[in-house]
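Containing compact mmCIF, N, CA and C atoms: input_35.txt.
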```txt
# COMPACT_ATOMS: atom_id res chain seq x y z
N MET A 110 115.27 199.49 106.59
CA MET A 110 114.41 200.24 107.47
C MET A 110 113.93 201.51 106.75
N LEU A 111 112.66 201.83 106.92
CA LEU A 111 112.12 203.06 106.33
C LEU A 111 112.62 204.26 107.11
N SER A 112 112.95 205.31 106.40
CA SER A 112 113.32 206.56 107.08
C SER A 112 112.06 207.18 107.67
N GLN A 113 112.25 208.09 108.61
CA GLN A 113 111.12 208.81 109.21
C GLN A 113 110.38 209.61 108.13
N LYS A 114 111.12 210.15 107.18
CA LYS A 114 110.53 210.93 106.10
C LYS A 114 109.58 210.07 105.26
N THR A 115 110.00 208.85 104.96
CA THR A 115 109.16 207.93 104.20
C THR A 115 107.93 207.54 104.99
N LYS A 116 108.11 207.30 106.28
CA LYS A 116 106.98 206.96 107.14
C LYS A 116 105.97 208.10 107.16
N TYR A 117 106.44 209.33 107.30
CA TYR A 117 105.54 210.48 107.30
C TYR A 117 104.85 210.64 105.95
N ALA A 118 105.57 210.39 104.85
CA ALA A 118 104.97 210.49 103.52
C ALA A 118 103.84 209.47 103.38
N LEU A 119 104.07 208.26 103.85
CA LEU A 119 103.03 207.23 103.79
C LEU A 119 101.83 207.61 104.66
N LYS A 120 102.10 208.15 105.84
CA LYS A 120 101.01 208.58 106.72
C LYS A 120 100.20 209.70 106.08
N ALA A 121 100.87 210.63 105.40
CA ALA A 121 100.17 211.73 104.72
C ALA A 121 99.31 211.19 103.58
N LEU A 122 99.86 210.26 102.81
CA LEU A 122 99.10 209.66 101.72
C LEU A 122 97.89 208.88 102.24
N LEU A 123 98.08 208.17 103.33
CA LEU A 123 96.96 207.43 103.93
C LEU A 123 95.88 208.38 104.42
N TYR A 124 96.30 209.49 104.99
CA TYR A 124 95.32 210.50 105.43
C TYR A 124 94.53 211.03 104.23
N LEU A 125 95.24 211.41 103.17
CA LEU A 125 94.58 211.94 101.98
C LEU A 125 93.65 210.91 101.35
N ALA A 126 94.06 209.65 101.38
CA ALA A 126 93.26 208.57 100.79
C ALA A 126 91.94 208.36 101.53
N GLN A 127 91.88 208.76 102.77
CA GLN A 127 90.68 208.55 103.57
C GLN A 127 89.71 209.74 103.52
N GLN A 128 90.06 210.77 102.78
CA GLN A 128 89.19 211.93 102.65
C GLN A 128 88.20 211.72 101.51
N ASP A 129 87.13 212.51 101.52
CA ASP A 129 86.17 212.47 100.42
C ASP A 129 86.89 212.79 99.11
N GLU A 130 86.37 212.28 98.02
CA GLU A 130 87.04 212.35 96.72
C GLU A 130 87.44 213.76 96.31
N ASN A 131 86.61 214.75 96.50
CA ASN A 131 86.91 216.12 96.05
C ASN A 131 87.46 217.00 97.17
N HIS A 132 87.78 216.42 98.29
CA HIS A 132 88.27 217.19 99.43
C HIS A 132 89.73 217.61 99.20
N ILE A 133 90.01 218.86 99.49
CA ILE A 133 91.37 219.39 99.44
C ILE A 133 91.79 219.65 100.89
N SER A 134 92.88 219.01 101.31
CA SER A 134 93.32 219.07 102.71
C SER A 134 94.42 220.09 102.90
N ARG A 135 94.23 220.97 103.87
CA ARG A 135 95.26 221.94 104.22
C ARG A 135 96.40 221.21 104.94
N THR A 136 97.58 221.79 104.89
CA THR A 136 98.76 221.18 105.51
C THR A 136 98.53 220.94 107.00
N ILE A 137 97.98 221.92 107.69
CA ILE A 137 97.76 221.78 109.14
C ILE A 137 96.78 220.65 109.42
N GLU A 138 95.78 220.49 108.56
CA GLU A 138 94.80 219.41 108.71
C GLU A 138 95.48 218.04 108.57
N ILE A 139 96.35 217.92 107.58
CA ILE A 139 97.08 216.66 107.37
C ILE A 139 98.01 216.40 108.55
N ALA A 140 98.72 217.43 108.98
CA ALA A 140 99.67 217.30 110.10
C ALA A 140 98.97 216.80 111.35
N GLU A 141 97.85 217.42 111.67
CA GLU A 141 97.11 217.02 112.88
C GLU A 141 96.45 215.67 112.70
N GLY A 142 95.84 215.44 111.55
CA GLY A 142 95.12 214.19 111.30
C GLY A 142 96.01 212.97 111.20
N ALA A 143 97.24 213.17 110.74
CA ALA A 143 98.16 212.04 110.56
C ALA A 143 99.29 212.04 111.59
N SER A 144 99.24 212.95 112.54
CA SER A 144 100.28 213.07 113.59
C SER A 144 101.68 213.22 113.00
N ILE A 145 101.82 214.23 112.15
CA ILE A 145 103.10 214.52 111.51
C ILE A 145 103.49 215.95 111.87
N PRO A 146 104.72 216.19 112.31
CA PRO A 146 105.14 217.57 112.59
C PRO A 146 105.02 218.43 111.32
N LYS A 147 104.35 219.57 111.43
CA LYS A 147 104.07 220.43 110.28
C LYS A 147 105.34 220.87 109.56
N LYS A 148 106.41 221.13 110.29
CA LYS A 148 107.64 221.62 109.65
C LYS A 148 108.24 220.56 108.72
N PHE A 149 108.07 219.27 109.02
CA PHE A 149 108.55 218.20 108.14
C PHE A 149 107.56 217.94 107.01
N LEU A 150 106.30 218.06 107.31
CA LEU A 150 105.25 217.73 106.35
C LEU A 150 105.30 218.61 105.11
N GLU A 151 105.59 219.87 105.27
CA GLU A 151 105.60 220.78 104.12
C GLU A 151 106.60 220.33 103.06
N GLN A 152 107.80 219.95 103.47
CA GLN A 152 108.80 219.48 102.51
C GLN A 152 108.40 218.13 101.91
N ILE A 153 107.83 217.27 102.71
CA ILE A 153 107.39 215.96 102.24
C ILE A 153 106.30 216.11 101.18
N LEU A 154 105.35 217.01 101.42
CA LEU A 154 104.29 217.24 100.45
C LEU A 154 104.84 217.80 99.14
N LEU A 155 105.84 218.66 99.23
CA LEU A 155 106.48 219.17 98.01
C LEU A 155 107.17 218.05 97.24
N ASP A 156 107.84 217.14 97.96
CA ASP A 156 108.47 215.99 97.31
C ASP A 156 107.43 215.08 96.66
N LEU A 157 106.32 214.85 97.36
CA LEU A 157 105.24 214.04 96.79
C LEU A 157 104.63 214.71 95.57
N LYS A 158 104.57 216.03 95.60
CA LYS A 158 104.06 216.78 94.44
C LYS A 158 105.02 216.65 93.25
N ARG A 159 106.32 216.79 93.51
CA ARG A 159 107.32 216.62 92.44
C ARG A 159 107.29 215.20 91.87
N GLY A 160 106.94 214.23 92.70
CA GLY A 160 106.83 212.84 92.26
C GLY A 160 105.49 212.52 91.60
N HIS A 161 104.62 213.53 91.50
CA HIS A 161 103.31 213.41 90.86
C HIS A 161 102.37 212.46 91.60
N PHE A 162 102.51 212.40 92.92
CA PHE A 162 101.58 211.61 93.73
C PHE A 162 100.46 212.49 94.27
N VAL A 163 100.77 213.75 94.55
CA VAL A 163 99.76 214.69 95.03
C VAL A 163 99.80 215.95 94.17
N GLY A 164 98.68 216.65 94.19
CA GLY A 164 98.59 217.95 93.55
C GLY A 164 98.25 218.96 94.61
N SER A 165 98.34 220.23 94.26
CA SER A 165 97.99 221.26 95.23
C SER A 165 97.20 222.37 94.57
N LYS A 166 96.45 223.05 95.39
CA LYS A 166 95.67 224.20 94.96
C LYS A 166 96.04 225.35 95.88
N GLN A 167 96.34 226.48 95.29
CA GLN A 167 96.72 227.67 96.06
C GLN A 167 95.49 228.43 96.52
N GLY A 168 95.69 229.34 97.46
CA GLY A 168 94.62 230.24 97.87
C GLY A 168 93.98 229.88 99.19
N LYS A 169 92.95 230.66 99.50
CA LYS A 169 92.26 230.53 100.79
C LYS A 169 91.72 229.12 101.03
N PHE A 170 91.21 228.50 100.00
CA PHE A 170 90.67 227.14 100.13
C PHE A 170 91.61 226.11 99.52
N GLY A 171 92.89 226.43 99.50
CA GLY A 171 93.89 225.56 98.91
C GLY A 171 94.34 224.45 99.83
N GLY A 172 95.15 223.59 99.28
CA GLY A 172 95.68 222.47 100.04
C GLY A 172 96.15 221.39 99.09
N TYR A 173 96.16 220.16 99.57
CA TYR A 173 96.68 219.03 98.81
C TYR A 173 95.62 217.96 98.60
N TYR A 174 95.79 217.23 97.51
CA TYR A 174 94.89 216.14 97.16
C TYR A 174 95.68 215.11 96.36
N LEU A 175 95.17 213.89 96.31
CA LEU A 175 95.84 212.82 95.57
C LEU A 175 95.67 213.01 94.07
N LEU A 176 96.74 212.79 93.33
CA LEU A 176 96.69 212.84 91.87
C LEU A 176 96.45 211.46 91.28
N LYS A 177 97.00 210.46 91.93
CA LYS A 177 96.91 209.09 91.42
C LYS A 177 95.88 208.30 92.22
N PRO A 178 95.29 207.29 91.59
CA PRO A 178 94.40 206.41 92.35
C PRO A 178 95.20 205.68 93.43
N THR A 179 94.58 205.47 94.57
CA THR A 179 95.26 204.83 95.69
C THR A 179 95.71 203.41 95.36
N GLU A 180 95.05 202.78 94.38
CA GLU A 180 95.42 201.42 93.97
C GLU A 180 96.74 201.40 93.20
N SER A 181 97.18 202.55 92.72
CA SER A 181 98.40 202.57 91.91
C SER A 181 99.61 203.16 92.66
N ILE A 182 99.42 203.58 93.90
CA ILE A 182 100.54 204.09 94.69
C ILE A 182 101.03 202.97 95.60
N THR A 183 102.25 202.48 95.33
CA THR A 183 102.76 201.35 96.10
C THR A 183 103.81 201.79 97.12
N LEU A 184 104.04 200.91 98.07
CA LEU A 184 105.10 201.13 99.05
C LEU A 184 106.45 201.28 98.36
N ALA A 185 106.67 200.52 97.29
CA ALA A 185 107.92 200.60 96.53
C ALA A 185 108.10 201.99 95.92
N ASP A 186 107.02 202.56 95.38
CA ASP A 186 107.09 203.91 94.79
C ASP A 186 107.56 204.94 95.79
N ILE A 187 106.97 204.91 96.96
CA ILE A 187 107.27 205.92 97.98
C ILE A 187 108.65 205.68 98.58
N HIS A 188 109.00 204.42 98.79
CA HIS A 188 110.34 204.10 99.30
C HIS A 188 111.41 204.63 98.34
N ARG A 189 111.23 204.39 97.07
CA ARG A 189 112.22 204.85 96.09
C ARG A 189 112.29 206.37 96.03
N LEU A 190 111.16 207.04 96.16
CA LEU A 190 111.14 208.51 96.11
C LEU A 190 111.93 209.11 97.26
N PHE A 191 111.77 208.55 98.45
CA PHE A 191 112.39 209.15 99.63
C PHE A 191 113.68 208.47 100.09
N ASP A 192 113.74 207.15 99.96
CA ASP A 192 114.89 206.42 100.49
C ASP A 192 115.80 205.84 99.41
N GLY A 193 115.39 205.91 98.16
CA GLY A 193 116.23 205.41 97.08
C GLY A 193 116.07 203.92 96.86
N ALA A 194 117.18 203.25 96.64
CA ALA A 194 117.19 201.84 96.23
C ALA A 194 116.55 200.92 97.26
N ILE A 195 115.91 199.90 96.75
CA ILE A 195 115.35 198.84 97.60
C ILE A 195 116.41 197.78 97.87
N ALA A 196 117.33 197.61 96.94
CA ALA A 196 118.42 196.64 97.10
C ALA A 196 119.34 197.05 98.25
N LEU A 197 119.99 196.05 98.85
CA LEU A 197 120.89 196.30 99.98
C LEU A 197 122.27 196.78 99.56
N LEU A 198 122.65 196.49 98.32
CA LEU A 198 123.92 197.00 97.76
C LEU A 198 123.65 197.59 96.38
N PRO A 199 124.40 198.61 96.00
CA PRO A 199 124.18 199.23 94.68
C PRO A 199 124.32 198.26 93.51
N CYS A 200 125.17 197.26 93.62
CA CYS A 200 125.36 196.33 92.50
C CYS A 200 124.15 195.43 92.29
N ALA A 201 123.24 195.35 93.27
CA ALA A 201 122.04 194.52 93.15
C ALA A 201 120.80 195.36 92.84
N SER A 202 120.98 196.65 92.65
CA SER A 202 119.86 197.56 92.44
C SER A 202 119.40 197.59 90.99
N LEU A 203 118.10 197.73 90.81
CA LEU A 203 117.54 197.88 89.47
C LEU A 203 117.64 199.32 88.98
N ASN A 204 117.27 200.26 89.83
CA ASN A 204 117.20 201.66 89.43
C ASN A 204 118.39 202.51 89.86
N PHE A 205 119.18 202.02 90.79
CA PHE A 205 120.30 202.80 91.32
C PHE A 205 121.60 201.99 91.23
N TYR A 206 121.73 201.23 90.17
CA TYR A 206 122.87 200.33 89.99
C TYR A 206 124.21 201.08 89.98
N GLU A 207 125.17 200.51 90.69
CA GLU A 207 126.58 200.92 90.63
C GLU A 207 127.41 199.67 90.85
N ARG A 208 128.45 199.53 90.09
CA ARG A 208 129.35 198.40 90.25
C ARG A 208 130.15 198.58 91.55
N CYS A 209 130.34 197.50 92.28
CA CYS A 209 131.17 197.56 93.50
C CYS A 209 132.64 197.68 93.10
N SER A 210 133.36 198.53 93.75
CA SER A 210 134.76 198.76 93.40
C SER A 210 135.65 197.56 93.74
N ASP A 211 135.24 196.74 94.69
CA ASP A 211 136.07 195.61 95.11
C ASP A 211 135.65 194.28 94.47
N CYS A 212 134.74 194.34 93.51
CA CYS A 212 134.23 193.12 92.89
C CYS A 212 135.11 192.72 91.69
N VAL A 213 135.54 191.48 91.69
CA VAL A 213 136.36 190.95 90.60
C VAL A 213 135.48 190.56 89.42
N SER A 214 134.37 189.87 89.70
CA SER A 214 133.49 189.40 88.63
C SER A 214 132.05 189.42 89.12
N GLU A 215 131.26 190.37 88.63
CA GLU A 215 129.85 190.46 89.05
C GLU A 215 129.08 189.19 88.73
N SER A 216 129.35 188.60 87.59
CA SER A 216 128.60 187.41 87.18
C SER A 216 128.86 186.21 88.09
N GLU A 217 129.99 186.21 88.79
CA GLU A 217 130.33 185.11 89.68
C GLU A 217 130.21 185.49 91.16
N CYS A 218 129.80 186.69 91.45
CA CYS A 218 129.71 187.16 92.84
C CYS A 218 128.50 186.53 93.54
N LEU A 219 128.77 185.66 94.49
CA LEU A 219 127.71 184.97 95.21
C LEU A 219 126.90 185.94 96.08
N LEU A 220 127.57 186.91 96.66
CA LEU A 220 126.88 187.90 97.49
C LEU A 220 125.87 188.69 96.65
N ARG A 221 126.30 189.15 95.49
CA ARG A 221 125.41 189.91 94.60
C ARG A 221 124.19 189.09 94.21
N HIS A 222 124.40 187.82 93.85
CA HIS A 222 123.28 186.97 93.46
C HIS A 222 122.30 186.77 94.62
N GLY A 223 122.81 186.59 95.81
CA GLY A 223 121.94 186.45 96.98
C GLY A 223 121.15 187.73 97.26
N LEU A 224 121.83 188.86 97.14
CA LEU A 224 121.17 190.14 97.40
C LEU A 224 120.16 190.48 96.31
N MET A 225 120.40 190.02 95.10
CA MET A 225 119.43 190.23 94.03
C MET A 225 118.15 189.43 94.29
N THR A 226 118.29 188.25 94.88
CA THR A 226 117.12 187.45 95.25
C THR A 226 116.33 188.16 96.34
N ILE A 227 117.03 188.69 97.33
CA ILE A 227 116.37 189.45 98.40
C ILE A 227 115.66 190.66 97.82
N ARG A 228 116.34 191.38 96.92
CA ARG A 228 115.75 192.55 96.27
C ARG A 228 114.47 192.17 95.53
N ASP A 229 114.52 191.10 94.75
CA ASP A 229 113.36 190.69 93.96
C ASP A 229 112.16 190.35 94.84
N GLU A 230 112.40 189.62 95.91
CA GLU A 230 111.31 189.25 96.81
C GLU A 230 110.77 190.46 97.57
N THR A 231 111.66 191.31 98.02
CA THR A 231 111.24 192.53 98.73
C THR A 231 110.44 193.42 97.79
N LEU A 232 110.93 193.60 96.59
CA LEU A 232 110.25 194.43 95.60
C LEU A 232 108.86 193.88 95.29
N LYS A 233 108.75 192.57 95.13
CA LYS A 233 107.47 191.94 94.84
C LYS A 233 106.45 192.25 95.95
N VAL A 234 106.88 192.14 97.18
CA VAL A 234 105.98 192.40 98.31
C VAL A 234 105.64 193.89 98.37
N MET A 235 106.64 194.75 98.23
CA MET A 235 106.41 196.20 98.32
C MET A 235 105.53 196.71 97.18
N GLN A 236 105.63 196.12 96.02
CA GLN A 236 104.77 196.52 94.90
C GLN A 236 103.34 196.03 95.09
N GLY A 237 103.17 195.01 95.91
CA GLY A 237 101.83 194.48 96.18
C GLY A 237 101.09 195.22 97.27
N ILE A 238 101.80 196.08 97.99
CA ILE A 238 101.16 196.85 99.06
C ILE A 238 100.90 198.26 98.54
N THR A 239 99.62 198.59 98.39
CA THR A 239 99.23 199.90 97.89
C THR A 239 98.61 200.73 99.01
N ILE A 240 98.48 202.00 98.75
CA ILE A 240 97.78 202.87 99.71
C ILE A 240 96.35 202.36 99.89
N ALA A 241 95.71 201.95 98.82
CA ALA A 241 94.35 201.40 98.90
C ALA A 241 94.28 200.16 99.80
N SER A 242 95.25 199.26 99.64
CA SER A 242 95.23 198.03 100.44
C SER A 242 95.47 198.33 101.92
N LEU A 243 96.26 199.35 102.21
CA LEU A 243 96.50 199.72 103.61
C LEU A 243 95.25 200.37 104.22
N VAL A 244 94.56 201.18 103.45
CA VAL A 244 93.35 201.83 103.94
C VAL A 244 92.26 200.79 104.23
N LYS A 245 92.19 199.75 103.40
CA LYS A 245 91.18 198.71 103.58
C LYS A 245 91.37 197.91 104.86
N LYS A 246 92.63 197.82 105.35
CA LYS A 246 92.90 197.05 106.57
C LYS A 246 92.49 197.87 107.72
```
Please express the file's structure as structure tokens.
Amino acid sequence: MLSQKTKYALKALLYLAQQDENHISRTIEIAEGASIPKKFLEQILLDLKRGHFVGSKQGKFGGYYLLKPTESITLADIHRLFDGAIALLPCASLNFYERCSDCVSESECLLRHGLMTIRDETLKVMQGITIASLVKK
């Protein structure tokens, strides 16, 4: 399940993706336009900025804008930034791997192999869903 923070991040990105190319959106504009509480949005935008998905401009006419093309921002990218691993267990994770303490043999663990299949299929679908593809629907 996506966390509320991830959902808000996706909503903010979708809002920014629907603006004119050179438009810089103020935080309050994004909050109102995407129905996101402003107090949560500010931290989310900072996290998106640290992840190099958005940039910001300071000053009277400042705000946020997309750094990456919408075709290259995937659901998997944003999920990993805010919620971490896509795999259901750390031993099945690509980027957040940890060996299970109760596992006798990873190579023979049927649960791990099943969860790796789920991870691969989930990842394939999440990488195929971009901000651009969501805006087009």
Name the residues in contact with Gly171 in chain A at a cut-off of 6.5 Å, using all atoms listed in the file, excluding same-chain residues fewer than 2 positions from it; report them as an NGL selection string. :A and (133-135 or 165-169 or 173)
Can you write out the residues you just picked, keeping N, CA and C atoms, as a short mmCIF file (atom, residue, chain, number, x, y, z; two decimals), in the frame of the given file?
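The result, stored in selection.cif:
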```
data_model
loop_
_atom_site.label_atom_id
_atom_site.label_comp_id
_atom_site.auth_asym_id
_atom_site.auth_seq_id
_atom_site.Cartn_x
_atom_site.Cartn_y
_atom_site.Cartn_z
N ILE A 133 90.01 218.86 99.49
CA ILE A 133 91.37 219.39 99.44
C ILE A 133 91.79 219.65 100.89
N SER A 134 92.88 219.01 101.31
CA SER A 134 93.32 219.07 102.71
C SER A 134 94.42 220.09 102.90
N ARG A 135 94.23 220.97 103.87
CA ARG A 135 95.26 221.94 104.22
C ARG A 135 96.40 221.21 104.94
N SER A 165 98.34 220.23 94.26
CA SER A 165 97.99 221.26 95.23
C SER A 165 97.20 222.37 94.57
N LYS A 166 96.45 223.05 95.39
CA LYS A 166 95.67 224.20 94.96
C LYS A 166 96.04 225.35 95.88
N GLN A 167 96.34 226.48 95.29
CA GLN A 167 96.72 227.67 96.06
C GLN A 167 95.49 228.43 96.52
N GLY A 168 95.69 229.34 97.46
CA GLY A 168 94.62 230.24 97.87
C GLY A 168 93.98 229.88 99.19
N LYS A 169 92.95 230.66 99.50
CA LYS A 169 92.26 230.53 100.79
C LYS A 169 91.72 229.12 101.03
N TYR A 173 96.16 220.16 99.57
CA TYR A 173 96.68 219.03 98.81
C TYR A 173 95.62 217.96 98.60
#
```
What separation in Å, quoted to one decimal, exists between atom C of Thr183 in chain A and atom C of Tyr206 in chain A? 21.6 Å
Looking only at the backbone, which of the residues in range 121-213 of chain A does DSSP tag as strand (DSSP E), as an NGL selection string? :A and (163-166 or 172-175)
Would you work out the distance separating atom C of Pro199 in chain A from atom C of Thr226 in chain A, expressed in Å to one decimal? 13.2 Å
May I have the residues within 6 Å of range 155-163 of chain A as a ChimeraX atom specification, using all atoms listed in the file and disregarding those fewer than 4 positions away in the same chain? /A:150-151,174-177
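One finds CA of Lys120 in chain A at 14.9 Å from CA of Lys148 in chain A.
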DSSP helix (DSSP H, G or I) residues within range 124-224 of chain A, listed as a PyMOL selection string: chain A and resi 124-126+136-143+147-159+179-181+184-192+199-201+215-217+219-224
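Comparing the minimum interatomic distances between Arg221 in chain A and each of A:Ala143, A:Ala185, A:Leu122, A:Ala201, counting only N, CA and C atoms, we find that A:Ala201 sits nearest.
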Have a look at A:Ala118, A:Leu224, A:Cys200, A:Leu123 and name the one nearest to Ile240 in chain A; count only N, CA and C atoms.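 The closest residue to Ile240 in chain A is A:Leu123.
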Nearest-residue call for Ile153 in chain A, choices A:Asn131, A:Ile187, A:Leu198, A:Lys114, using all atoms listed in the file: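 The answer is A:Lys114, which sits nearest to Ile153 in chain A.
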Taking only C-alpha atoms into account, which of A:Ala126, A:Gln113, A:Glu138, A:Ala194 comes nearest Glu207 in chain A?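 Of A:Ala126, A:Gln113, A:Glu138, A:Ala194, the one nearest Glu207 in chain A is A:Ala194, counting only C-alpha atoms.
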Distance criterion (all atoms listed in the file): nearest to Phe149 in chain A out of A:Leu232, A:Tyr117, A:His222, A:Cys209: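 Looking only at the distances to Phe149 in chain A, the closest residue turns out to be A:Tyr117.
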